[in-house]
Structure formats: C-alpha cells, structure tokens
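A.B. asks: One file: query_29.pdb (PDB, C-alpha atoms and all ligand atoms).
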ATOM      1  CA  MET A   1      22.956  -9.863  -1.153
ATOM      2  CA  SER A   2      20.842 -12.044  -3.412
ATOM      3  CA  ARG A   3      17.510 -13.195  -2.033
ATOM      4  CA  ASN A   4      14.855 -15.469  -3.469
ATOM      5  CA  PHE A   5      11.136 -14.886  -3.024
ATOM      6  CA  ARG A   6       8.153 -17.138  -3.502
ATOM      7  CA  LEU A   7       6.003 -16.016  -6.400
ATOM      8  CA  ARG A   8       3.113 -18.151  -5.200
ATOM      9  CA  PRO A   9       2.547 -20.600  -2.334
ATOM     10  CA  LEU A  10       4.355 -23.867  -2.621
ATOM     11  CA  THR A  11       2.391 -27.004  -3.300
ATOM     12  CA  GLU A  12       3.003 -30.207  -1.422
ATOM     13  CA  SER A  13       5.108 -31.574  -4.254
ATOM     14  CA  ASP A  14       7.222 -28.437  -4.196
ATOM     15  CA  ASP A  15       8.153 -29.272  -0.644
ATOM     16  CA  HIS A  16       9.631 -32.517  -1.912
ATOM     17  CA  GLY A  17      12.371 -31.334  -4.149
ATOM     18  CA  GLN A  18      10.873 -28.962  -6.720
ATOM     19  CA  GLU A  19      10.878 -25.777  -4.696
ATOM     20  CA  LYS A  20      13.282 -24.024  -7.037
ATOM     21  CA  SER A  21      10.733 -23.866  -9.882
ATOM     22  CA  ASN A  22       8.376 -21.724  -7.792
ATOM     23  CA  LEU A  23      10.909 -19.206  -6.629
ATOM     24  CA  ILE A  24      11.920 -16.022  -8.329
ATOM     25  CA  ASP A  25      15.015 -14.041  -7.564
ATOM     26  CA  ARG A  26      15.110 -10.291  -7.160
ATOM     27  CA  ARG A  27      15.828  -9.623 -10.845
ATOM     28  CA  ASP A  28      12.906 -11.818 -11.922
ATOM     29  CA  PHE A  29      10.605  -9.995  -9.513
ATOM     30  CA  LEU A  30      11.500  -6.615 -10.910
ATOM     31  CA  ARG A  31      10.972  -7.861 -14.469
ATOM     32  CA  TYR A  32       7.604  -9.299 -13.423
ATOM     33  CA  SER A  33       6.622  -5.963 -11.903
ATOM     34  CA  PHE A  34       7.679  -3.944 -14.937
ATOM     35  CA  ASN A  35       5.725  -6.250 -17.238
ATOM     36  CA  THR A  36       2.523  -5.441 -15.373
ATOM     37  CA  ALA A  37       3.189  -1.732 -15.026
ATOM     38  CA  ALA A  38       1.990  -0.608 -18.459
ATOM     39  CA  GLY A  39      -1.467  -1.998 -17.722
ATOM     40  CA  VAL A  40      -1.466  -0.414 -14.309
ATOM     41  CA  ILE A  41      -0.755   3.023 -15.628
ATOM     42  CA  THR A  42      -3.175   2.780 -18.557
ATOM     43  CA  MET A  43      -6.051   1.604 -16.398
ATOM     44  CA  ALA A  44      -5.508   4.217 -13.776
ATOM     45  CA  SER A  45      -5.152   7.186 -16.114
ATOM     46  CA  LEU A  46      -2.822   8.557 -13.519
ATOM     47  CA  GLY A  47      -0.624  10.495 -15.837
ATOM     48  CA  SER A  48       0.749  11.006 -19.287
ATOM     49  CA  ILE A  49       4.271   9.764 -18.686
ATOM     50  CA  GLY A  50       5.137   6.804 -20.871
ATOM     51  CA  PHE A  51       6.067   3.442 -19.523
ATOM     52  CA  ALA A  52       9.494   3.744 -21.145
ATOM     53  CA  SER A  53      10.119   6.902 -19.166
ATOM     54  CA  LEU A  54       9.213   5.131 -15.979
ATOM     55  CA  LEU A  55      11.653   2.370 -16.733
ATOM     56  CA  MET A  56      14.362   4.894 -17.442
ATOM     57  CA  GLY A  57      13.629   6.518 -14.130
ATOM     58  CA  GLN A  58      13.878   3.205 -12.346
ATOM     59  CA  ALA A  59      17.123   2.381 -14.050
ATOM     60  CA  SER A  60      19.009   5.621 -13.846
ATOM     61  CA  ALA A  61      17.775   7.753 -10.987
ATOM     62  CA  ASP A  62      19.112   7.446  -7.477
ATOM     63  CA  GLY A  63      17.376   5.309  -4.925
ATOM     64  CA  GLY A  64      17.899   1.964  -6.618
ATOM     65  CA  ASP A  65      15.389  -0.751  -7.467
ATOM     66  CA  SER A  66      13.909  -0.839  -3.971
ATOM     67  CA  ALA A  67      13.100   2.864  -3.833
ATOM     68  CA  VAL A  68       9.499   3.944  -3.503
ATOM     69  CA  ARG A  69       8.935   7.006  -5.695
ATOM     70  CA  PHE A  70       6.346   9.739  -5.702
ATOM     71  CA  TRP A  71       3.764   9.542  -8.473
ATOM     72  CA  VAL A  72       2.104  12.843  -9.305
ATOM     73  CA  PRO A  73      -1.048  12.345 -11.408
ATOM     74  CA  THR A  74      -1.338  14.646 -14.397
ATOM     75  CA  GLY A  75      -3.211  17.772 -13.363
ATOM     76  CA  ALA A  76      -2.413  17.372  -9.682
ATOM     77  CA  GLU A  77       0.960  19.092  -9.834
ATOM     78  CA  ASP A  78      -0.359  22.219  -8.112
ATOM     79  CA  THR A  79      -2.690  20.553  -5.644
ATOM     80  CA  VAL A  80      -0.758  17.754  -3.927
ATOM     81  CA  TRP A  81       1.987  18.527  -1.436
ATOM     82  CA  TYR A  82       4.502  16.465  -3.425
ATOM     83  CA  GLY A  83       3.558  18.046  -6.760
ATOM     84  CA  ASP A  84       7.145  18.831  -7.786
ATOM     85  CA  SER A  85       8.507  15.391  -6.900
ATOM     86  CA  HIS A  86       7.205  13.139  -9.677
ATOM     87  CA  LEU A  87       9.283   9.943  -9.775
ATOM     88  CA  GLN A  88      11.649  11.251  -7.126
ATOM     89  CA  PRO A  89      12.550   8.737  -4.401
ATOM     90  CA  MET A  90      10.436   9.215  -1.285
ATOM     91  CA  SER A  91      12.218  10.466   1.795
ATOM     92  CA  TYR A  92      10.896   9.942   5.308
ATOM     93  CA  ASP A  93      11.520  13.571   6.150
ATOM     94  CA  ALA A  94       9.175  14.693   3.358
ATOM     95  CA  PHE A  95       6.303  12.922   5.125
ATOM     96  CA  VAL A  96       7.249  14.308   8.533
ATOM     97  CA  GLN A  97       7.243  17.832   7.110
ATOM     98  CA  ALA A  98       3.933  17.322   5.292
ATOM     99  CA  SER A  99       2.323  15.941   8.443
ATOM    100  CA  ALA A 100       3.073  19.199  10.256
ATOM    101  CA  ASN A 101       0.632  20.968   7.912
ATOM    102  CA  SER A 102      -2.218  18.581   8.690
ATOM    103  CA  ASN A 103      -5.053  18.778  11.263
ATOM    104  CA  THR A 104      -4.546  15.141  12.104
ATOM    105  CA  GLY A 105      -0.782  14.829  11.718
ATOM    106  CA  MET A 106      -1.371  12.404   8.861
ATOM    107  CA  ALA A 107       0.193  12.701   5.415
ATOM    108  CA  GLY A 108      -0.167  10.461   2.394
ATOM    109  CA  ALA A 109       1.100  10.260  -1.148
ATOM    110  CA  GLN A 110       0.648   8.285  -4.315
ATOM    111  CA  GLY A 111       3.703   6.269  -5.191
ATOM    112  CA  VAL A 112       5.176   3.725  -7.521
ATOM    113  CA  TRP A 113       7.420   0.860  -6.562
ATOM    114  CA  SER A 114       8.882  -1.473  -9.174
ATOM    115  CA  GLY A 115       6.187  -0.340 -11.599
ATOM    116  CA  MET A 116       3.359  -1.022  -9.171
ATOM    117  CA  PRO A 117       1.058   1.600  -7.642
ATOM    118  CA  VAL A 118       1.301   2.119  -3.901
ATOM    119  CA  ASN A 119       0.089   4.587  -1.321
ATOM    120  CA  VAL A 120       2.399   5.655   1.475
ATOM    121  CA  ILE A 121       0.719   7.001   4.603
ATOM    122  CA  TYR A 122       2.263   8.654   7.649
ATOM    123  CA  VAL A 123       0.249   8.287  10.875
ATOM    124  CA  PRO A 124       1.441   9.885  14.166
ATOM    125  CA  ASP A 125       1.001   6.581  15.967
ATOM    126  CA  ASN A 126       3.913   6.944  18.360
ATOM    127  CA  GLU A 127       2.610  10.330  19.509
ATOM    128  CA  ASN A 128      -1.032   9.257  19.986
ATOM    129  CA  LYS A 129      -1.122   5.586  20.935
ATOM    130  CA  GLY A 130      -0.435   6.233  24.609
ATOM    131  CA  SER A 131      -3.455   8.469  25.129
ATOM    132  CA  GLY A 132      -7.176   7.785  24.978
ATOM    133  CA  LEU A 133      -8.998   7.517  21.704
ATOM    134  CA  ALA A 134     -10.064  10.926  20.468
ATOM    135  CA  SER A 135     -11.139  12.540  17.239
ATOM    136  CA  ASN A 136      -8.261  13.635  15.026
ATOM    137  CA  LYS A 137      -5.701  11.733  17.133
ATOM    138  CA  PRO A 138      -4.982   8.909  14.697
ATOM    139  CA  ARG A 139      -3.066   5.781  15.550
ATOM    140  CA  PHE A 140      -2.810   2.352  13.988
ATOM    141  CA  GLN A 141      -5.595  -0.007  15.034
ATOM    142  CA  TYR A 142      -5.351  -3.805  14.905
ATOM    143  CA  LEU A 143      -8.732  -5.264  14.039
ATOM    144  CA  GLU A 144     -10.386  -8.629  13.521
ATOM    145  CA  GLY A 145     -10.812  -9.472   9.851
ATOM    146  CA  TYR A 146     -13.869 -11.073   8.264
ATOM    147  CA  SER A 147     -14.192 -12.121   4.639
ATOM    148  CA  ASP A 148     -16.878 -10.666   2.399
ATOM    149  CA  GLY A 149     -19.001 -13.690   3.298
ATOM    150  CA  GLY A 150     -18.648 -13.022   7.037
ATOM    151  CA  LYS A 151     -16.108 -15.751   7.800
ATOM    152  CA  TYR A 152     -13.551 -14.892  10.474
ATOM    153  CA  VAL A 153     -10.092 -14.756   8.894
ATOM    154  CA  GLY A 154      -7.747 -13.578  11.628
ATOM    155  CA  SER A 155      -6.429 -10.612  13.569
ATOM    156  CA  GLY A 156      -4.322  -7.661  12.540
ATOM    157  CA  PHE A 157      -2.282  -8.368  15.680
ATOM    158  CA  GLU A 158      -0.667 -11.210  13.748
ATOM    159  CA  VAL A 159       1.812  -8.671  12.357
ATOM    160  CA  THR A 160       3.251  -8.458  15.869
ATOM    161  CA  GLU A 161       2.805 -12.112  16.820
ATOM    162  CA  LYS A 162       3.619 -14.332  13.838
ATOM    163  CA  PRO A 163       7.204 -14.677  12.600
ATOM    164  CA  GLU A 164       6.106 -15.014   8.974
ATOM    165  CA  TYR A 165       4.726 -11.471   9.107
ATOM    166  CA  SER A 166       7.621  -9.921  10.994
ATOM    167  CA  SER A 167       8.686  -7.683   8.101
ATOM    168  CA  LEU A 168       5.166  -6.189   8.120
ATOM    169  CA  SER A 169       5.359  -5.025  11.734
ATOM    170  CA  ILE A 170       4.245  -1.424  11.914
ATOM    171  CA  HIS A 171       7.164   0.922  12.467
ATOM    172  CA  ASP A 172       8.278   4.523  12.032
ATOM    173  CA  ASN A 173       4.665   5.822  11.867
ATOM    174  CA  LEU A 174       4.432   4.656   8.267
ATOM    175  CA  ILE A 175       2.690   2.056   6.146
ATOM    176  CA  ILE A 176       2.784   1.228   2.458
ATOM    177  CA  VAL A 177      -0.338  -0.151   0.792
ATOM    178  CA  PHE A 178      -0.462  -1.932  -2.566
ATOM    179  CA  SER A 179      -2.986   0.259  -4.336
ATOM    180  CA  ARG A 180      -5.184  -1.822  -6.661
ATOM    181  CA  CYS A 181      -8.842  -1.806  -5.708
ATOM    182  CA  PRO A 182     -10.102  -5.370  -5.117
ATOM    183  CA  HIS A 183     -13.352  -4.392  -6.847
ATOM    184  CA  LEU A 184     -12.286  -3.801 -10.473
ATOM    185  CA  CYS A 185      -8.634  -2.847 -10.072
ATOM    186  CA  CYS A 186      -8.661   0.957 -10.232
ATOM    187  CA  ILE A 187      -6.105   2.774  -8.103
ATOM    188  CA  PRO A 188      -7.441   4.352  -4.903
ATOM    189  CA  GLY A 189      -5.844   7.666  -4.033
ATOM    190  CA  TRP A 190      -4.909   9.877  -1.129
ATOM    191  CA  GLN A 191      -6.927  13.130  -1.178
ATOM    192  CA  LEU A 192      -6.970  13.312  -4.977
ATOM    193  CA  VAL A 193     -10.657  14.133  -4.848
ATOM    194  CA  THR A 194     -12.461  16.294  -2.299
ATOM    195  CA  ASN A 195     -15.306  14.724  -0.340
ATOM    196  CA  ASP A 196     -16.239  13.605   3.174
ATOM    197  CA  TYR A 197     -14.028  10.538   2.873
ATOM    198  CA  THR A 198     -10.896  12.423   1.944
ATOM    199  CA  ASN A 199     -11.040  15.460   4.210
ATOM    200  CA  ASP A 200      -8.309  15.827   6.806
ATOM    201  CA  SER A 201     -10.048  14.244   9.790
ATOM    202  CA  TRP A 202      -9.961  10.913  11.648
ATOM    203  CA  GLU A 203     -12.220   8.825  13.839
ATOM    204  CA  ALA A 204     -11.347   5.575  15.577
ATOM    205  CA  GLY A 205     -12.818   2.171  14.879
ATOM    206  CA  GLY A 206     -12.148   1.487  11.232
ATOM    207  CA  THR A 207     -15.604   2.666  10.178
ATOM    208  CA  GLU A 208     -17.118   5.049   7.657
ATOM    209  CA  SER A 209     -16.707   7.896  10.143
ATOM    210  CA  GLY A 210     -13.989  10.460   9.619
ATOM    211  CA  GLY A 211     -11.935  11.320   6.576
ATOM    212  CA  ASN A 212      -8.423  10.454   5.447
ATOM    213  CA  LYS A 213      -9.634   7.301   3.759
ATOM    214  CA  LEU A 214      -8.039   5.942   0.633
ATOM    215  CA  PHE A 215     -10.766   6.566  -1.909
ATOM    216  CA  CYS A 216     -11.373   4.705  -5.167
ATOM    217  CA  ILE A 217     -12.856   7.130  -7.631
ATOM    218  CA  CYS A 218     -14.242   4.411  -9.932
ATOM    219  CA  HIS A 219     -17.125   3.187  -7.740
ATOM    220  CA  SER A 220     -16.460   4.869  -4.384
ATOM    221  CA  SER A 221     -14.838   2.135  -2.315
ATOM    222  CA  ARG A 222     -13.176   3.453   0.847
ATOM    223  CA  PHE A 223     -10.283   2.027   2.832
ATOM    224  CA  ASP A 224      -9.057   3.106   6.275
ATOM    225  CA  PRO A 225      -5.238   3.209   6.188
ATOM    226  CA  THR A 226      -5.058   3.145   9.987
ATOM    227  CA  ALA A 227      -7.126  -0.059  10.334
ATOM    228  CA  ILE A 228      -4.806  -3.062  10.075
ATOM    229  CA  GLU A 229      -6.496  -6.422   9.686
ATOM    230  CA  LYS A 230      -5.959  -9.907   8.393
ATOM    231  CA  ASN A 231      -8.315 -10.736   5.566
ATOM    232  CA  SER A 232      -8.921 -13.009   2.614
ATOM    233  CA  MET A 233      -8.701 -11.697  -0.924
ATOM    234  CA  GLY A 234     -12.094 -11.808  -2.592
ATOM    235  CA  ARG A 235     -10.746 -11.414  -6.090
ATOM    236  CA  GLY A 236      -8.902 -14.059  -8.102
ATOM    237  CA  THR A 237      -7.473 -17.100  -6.360
ATOM    238  CA  PRO A 238      -8.212 -16.727  -2.629
ATOM    239  CA  PHE A 239      -5.355 -16.068  -0.228
ATOM    240  CA  ASP A 240      -5.023 -14.561   3.224
ATOM    241  CA  TYR A 241      -3.041 -11.373   3.694
ATOM    242  CA  ILE A 242      -2.364  -8.543   6.119
ATOM    243  CA  GLY A 243      -3.707  -5.215   4.934
ATOM    244  CA  ILE A 244      -5.950  -2.253   5.552
ATOM    245  CA  LYS A 245      -9.687  -2.513   6.025
ATOM    246  CA  LYS A 246     -12.353  -1.712   3.464
ATOM    247  CA  VAL A 247     -14.923   0.443   5.231
ATOM    248  CA  GLY A 248     -17.358   1.142   2.405
ATOM    249  CA  GLY A 249     -18.251   0.609  -1.223
ATOM    250  CA  PRO A 250     -18.367  -2.428  -3.495
ATOM    251  CA  ALA A 251     -14.806  -3.741  -3.001
ATOM    252  CA  PRO A 252     -15.006  -7.162  -1.327
ATOM    253  CA  ASN A 253     -12.135  -6.471   1.083
ATOM    254  CA  GLY A 254      -9.196  -4.196   1.777
ATOM    255  CA  MET A 255      -5.755  -3.950   0.198
ATOM    256  CA  PRO A 256      -2.477  -5.659   1.192
ATOM    257  CA  LEU A 257       0.446  -4.033   2.951
ATOM    258  CA  VAL A 258       3.931  -3.796   1.467
ATOM    259  CA  PRO A 259       6.820  -4.226   3.941
ATOM    260  CA  PHE A 260       9.537  -1.580   3.909
ATOM    261  CA  VAL A 261      12.704  -0.391   5.571
ATOM    262  CA  LEU A 262      14.225   3.032   6.023
ATOM    263  CA  ASN A 263      17.647   3.241   4.431
ATOM    264  CA  GLY A 264      18.823   6.401   6.102
ATOM    265  CA  ASP A 265      16.063   8.822   5.095
ATOM    266  CA  MET A 266      14.937   6.856   2.034
ATOM    267  CA  ILE A 267      11.873   4.620   1.973
ATOM    268  CA  GLU A 268      12.611   1.245   0.399
ATOM    269  CA  ALA A 269      10.066  -1.532  -0.079
ATOM    270  CA  LEU A 270      10.713  -5.249   0.339
ATOM    271  CA  PRO A 271       9.410  -7.905  -2.075
ATOM    272  CA  ASP A 272       8.577 -10.398   0.666
ATOM    273  CA  PHE A 273       4.925 -10.879  -0.355
ATOM    274  CA  VAL A 274       4.864 -10.472  -4.124
ATOM    275  CA  ASP A 275       2.172 -13.145  -4.451
ATOM    276  CA  TRP A 276      -0.212 -10.729  -2.693
ATOM    277  CA  TYR A 277       0.048  -8.155  -5.484
ATOM    278  CA  ALA A 278      -1.013 -10.197  -8.516
ATOM    279  CA  TYR A 279      -4.796 -10.296  -8.064
ATOM    280  CA  CYS A 280      -5.318  -7.754 -10.848
ATOM    281  CA  SER A 281      -2.788  -9.206 -13.271
TER     282      SER A 281
HETATM  283  S1  LIG A 301     -12.735  -0.337  -8.944
HETATM  284 FE1  LIG A 301     -12.656   0.572  -6.982
HETATM  285  S2  LIG A 301     -14.671   0.751  -6.377
HETATM  286 FE2  LIG A 301     -14.788  -0.180  -8.321
END
For the structure just supplied, provide its representation as structure tokens.
Ligand code: FES

C.D. replies:
Amino acid sequence: MSRNFRLRPLTESDDHGQEKSNLIDRRDFLRYSFNTAAGVITMASLGSIGFASLLMGQASADGGDSAVRFWVPTGAEDTVWYGDSHLQPMSYDAFVQASANSNTGMAGAQGVWSGMPVNVIYVPDNENKGSGLASNKPRFQYLEGYSDGGKYVGSGFEVTEKPEYSSLSIHDNLIIVFSRCPHLCCIPGWQLVTNDYTNDSWEAGGTESGGNKLFCICHSSRFDPTAIEKNSMGRGTPFDYIGIKKVGGPAPNGMPLVPFVLNGDMIEALPDFVDWYAYCS
C-alpha cells in the first residue's frame, strides 16, 4: 500500500492547499536516504564496503526496503555477536538468543536501514518492569526531557499518551535509535569499544551510572538506550522528538527513535518521522 510521509513540518500556507509539495512518497524517501548514505559511511569509517554494494544489498537481498540489516564494522567480525551477519536482515530471534548470553539480558547491534545508521537494542522490559528497580534488571524508563539550555520540553510518556507518537510506543522489548551523534555527527556504537560505559551492566535513572550505554567514540558522548524522553534537537533547525537520553559528553541532547514493526520474525522500520533524521545532512 502506498503511503506518503512529511519530509518536514508543514507551514501554515501548506495547510491551505499546497500540502502535496511537502510530502514525499515511500520511493522518494528511500532515494533521499540512499543519497545521504555515502556520507554516513565515509564519516563513520565503519567499514570498507562500498556504497554501491550496499545499494545492491538493499535491492536484491531478502527483507525488502523496510528491513533493518546488521552492519558489522571492519575489524569487528570476530568480536561482535553478529559478526557473520553483515547486511543480513535482522531477526527478532537473533536478539533474543544474544540476550541470553548477557548479564543484564540486554543485547544491541549496529544496523543500517535505508542507508542510514541505526542501533537496535533489546531490553528485557517485560520481564523486569513488574519488579522493583535493581541493578542489572533493565527496563525502559520514561523521563522528563530538558533542552541543553534547561528548558522543559516534555515527557517520554507521550509515546503512550499522544496519538501522533503511537507508532513509537515501546513494544516487544526492542527499540531502534537513529545513530548520528548530535554533537558532530559520528555514529555511536553498541559495545564496539571497551570501557565503563559499554560494559554489560545497568543502573536505573538515566544517569552516568552503569554500562550498556551507546558510546560515541569521537568525543565520548554517552546515551542511555533505556531512558526514553522527549527532547529538542540542539543541532540544525530545532524540532522536538522522542528519543533516548544523553547522559554524558558534549552532545547537546539524545538521539531520535525509529518506529518499527515485526513482520513475522523480521524487524522492519517505518518512515513515519523522516524529518527527525536529517540534522546531519
Ligand atoms: S561527534 Fe559524538 S561526541 Fe563528538
């Protein structure tokens, strides 16, 4: 079924008859994503695969345009749990199996969706949310969001309360994060380096405490993938978004969520908020 998506917020005049000019259809969105992908990959130095190869993978492999695929950085083939799955579509079961080998029950992976870098993180929320807060018992937390200047922006609970965010509602113990650092646009990773922020541990509160943070190797910004908040982008043209919280480092705020569905066992992302992913373009 064909769907149209807003590339950027409508202006007042758009609401009076010119809406069509600000909408992109699914094909346009994918082209837009691919056009930005070469820069993404070059900046991140995530691997040696050429952009053309990535496009071929998108076009010919199974999983379709919506599939989220593993991205294995060059040199990490023997160290990450998904090391033999480069550009393979992500299955939900792969994350469930990986989580069984973790102290915390969490599992994360680098990914690519429509040419854009993402992180996919499994959190045993359903198992832990009914019990008291405890170390290494992670669950999703809905927090109040404040801009870099200290202005209150909103609550992470809006994903459960506001119809416009309904596709972002947390489900199936999984989230997808658009992975461009709001500092200078590097790509934060899941346990691709070894330090206190990336060890397999968890503490509540969306603070510096505990590991399993998304870590940006460029200037050491840290993001808690279990801390869901509403915030305002501090880079580029300001806009509010739902995302994960920055808990340390020079980034002005956290990173936006990407909505998804499970198609059987396959993880497929939805382009409902493409205007949130252009701040590094
Ligand atoms: S680009 Fe991420 S901390 Fe600077």

A.B. asks: Give one line per residue of range 92-153 of chain A that approaches range 251-256 of chain A to at most 12 Å, naming the two atoms of the closest pair and their distance in Å to one decimal, counting all atoms listed in the file; sort by chain then ascending residue number and deliver it as a Markdown table.

C.D. replies:
| residue | atom | partner | partner_atom | distance |
| --- | --- | --- | --- | --- |
| A:Pro117 | CA | A:Met255 | CA | 11.8 |
| A:Val118 | CA | A:Pro256 | CA | 10.0 |
| A:Asn119 | CA | A:Met255 | CA | 10.5 |
| A:Gly145 | CA | A:Asn253 | CA | 9.4 |
| A:Tyr146 | CA | A:Asn253 | CA | 8.7 |
| A:Ser147 | CA | A:Asn253 | CA | 7.0 |
| A:Asp148 | CA | A:Pro252 | CA | 5.4 |
| A:Gly149 | CA | A:Pro252 | CA | 8.9 |
| A:Gly150 | CA | A:Pro252 | CA | 10.8 |
| A:Val153 | CA | A:Asn253 | CA | 11.6 |

A.B. asks: Which one is closest to Arg139 in chain A: A:Val112, A:Cys186, A:Val159, A:Ile170? Count all atoms listed in the file.

C.D. replies: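 Looking at the shortest contact to Arg139 in chain A, the residue is A:Ile170.
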
A.B. asks: Select, from A:Thr74, A:Thr226, A:Ser220, A:Ser114, the residue with the minimum atom-to-atom distance to ligand LIG 301 (chain A), counting only C-alpha atoms and all ligand atoms.

C.D. replies: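 Of A:Thr74, A:Thr226, A:Ser220, A:Ser114, the one nearest ligand LIG 301 (chain A) is A:Ser220, counting only C-alpha atoms and all ligand atoms.
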
A.B. asks: Once you count only C-alpha atoms and all ligand atoms, which residues end up within 10 Å of ligand LIG 301 (chain A), and could you hand them over as a PyMOL selection string?

C.D. replies: chain A and resi 44+180-188+215-222+248-252

A.B. asks: If we count all atoms listed in the file and set the cut-off at 8 Å, which residues sit around His86 in chain A, ignoring sequence neighbours fewer than 6 positions away in its own chain? Please answer as an MDAnalysis selection string.

C.D. replies: chainID A and resid 69:72

A.B. asks: Given the file above and the PyMOL selection byres (((chain A and resi 266) around 7) and not hetatm), which residues are selected, and can you give them as an MDAnalysis selection string?

C.D. replies: chainID A and resid 90:92 262:265 267:268

A.B. asks: Which residue is closest to Gly115 in chain A? Choose from A:Ser155, A:Ser167, A:Phe178, A:Ala100 and count all atoms listed in the file.

C.D. replies: A:Phe178

A.B. asks: To one decimal place in Å, what is the distance between CA of Tyr122 in chain A and CA of Met106 in chain A?

C.D. replies: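 Between CA of Tyr122 in chain A and CA of Met106 in chain A the gap is 5.4 Å.
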
A.B. asks: Quick one, how far is CA of Asp93 in chain A from CA of Asp224 in chain A?

C.D. replies: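 About the pair CA of Asp93 in chain A and CA of Asp224 in chain A: they are 23.1 Å apart.
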
A.B. asks: What do you get, as a PyMOL selection string, if you spell out every residue that the PyMOL selection byres (((chain A and resi 196-207) around 10) and not hetatm) selects here?

C.D. replies: chain A and resi 102-107+133-143+189-195+208-215+220-229+244-248

A.B. asks: Taking all atoms of range 96-112 of chain A that the file lists and extending 3 Å past them on each side, where is the centre of the axis-aligned box and how long are its edges? Answer in Å to one decimal, as JSON.

C.D. replies:
{"center_x": 1.1, "center_y": 12.3, "center_z": 2.3, "size_x": 18.3, "size_y": 23.2, "size_z": 25.6}

A.B. asks: Find the spatial neighbours of Val120 in chain A, counting all atoms listed in the file, within a cut-off of 8 Å - ignore same-chain residues fewer than 2 positions away - and output them as a count of residues only.

C.D. replies: 10
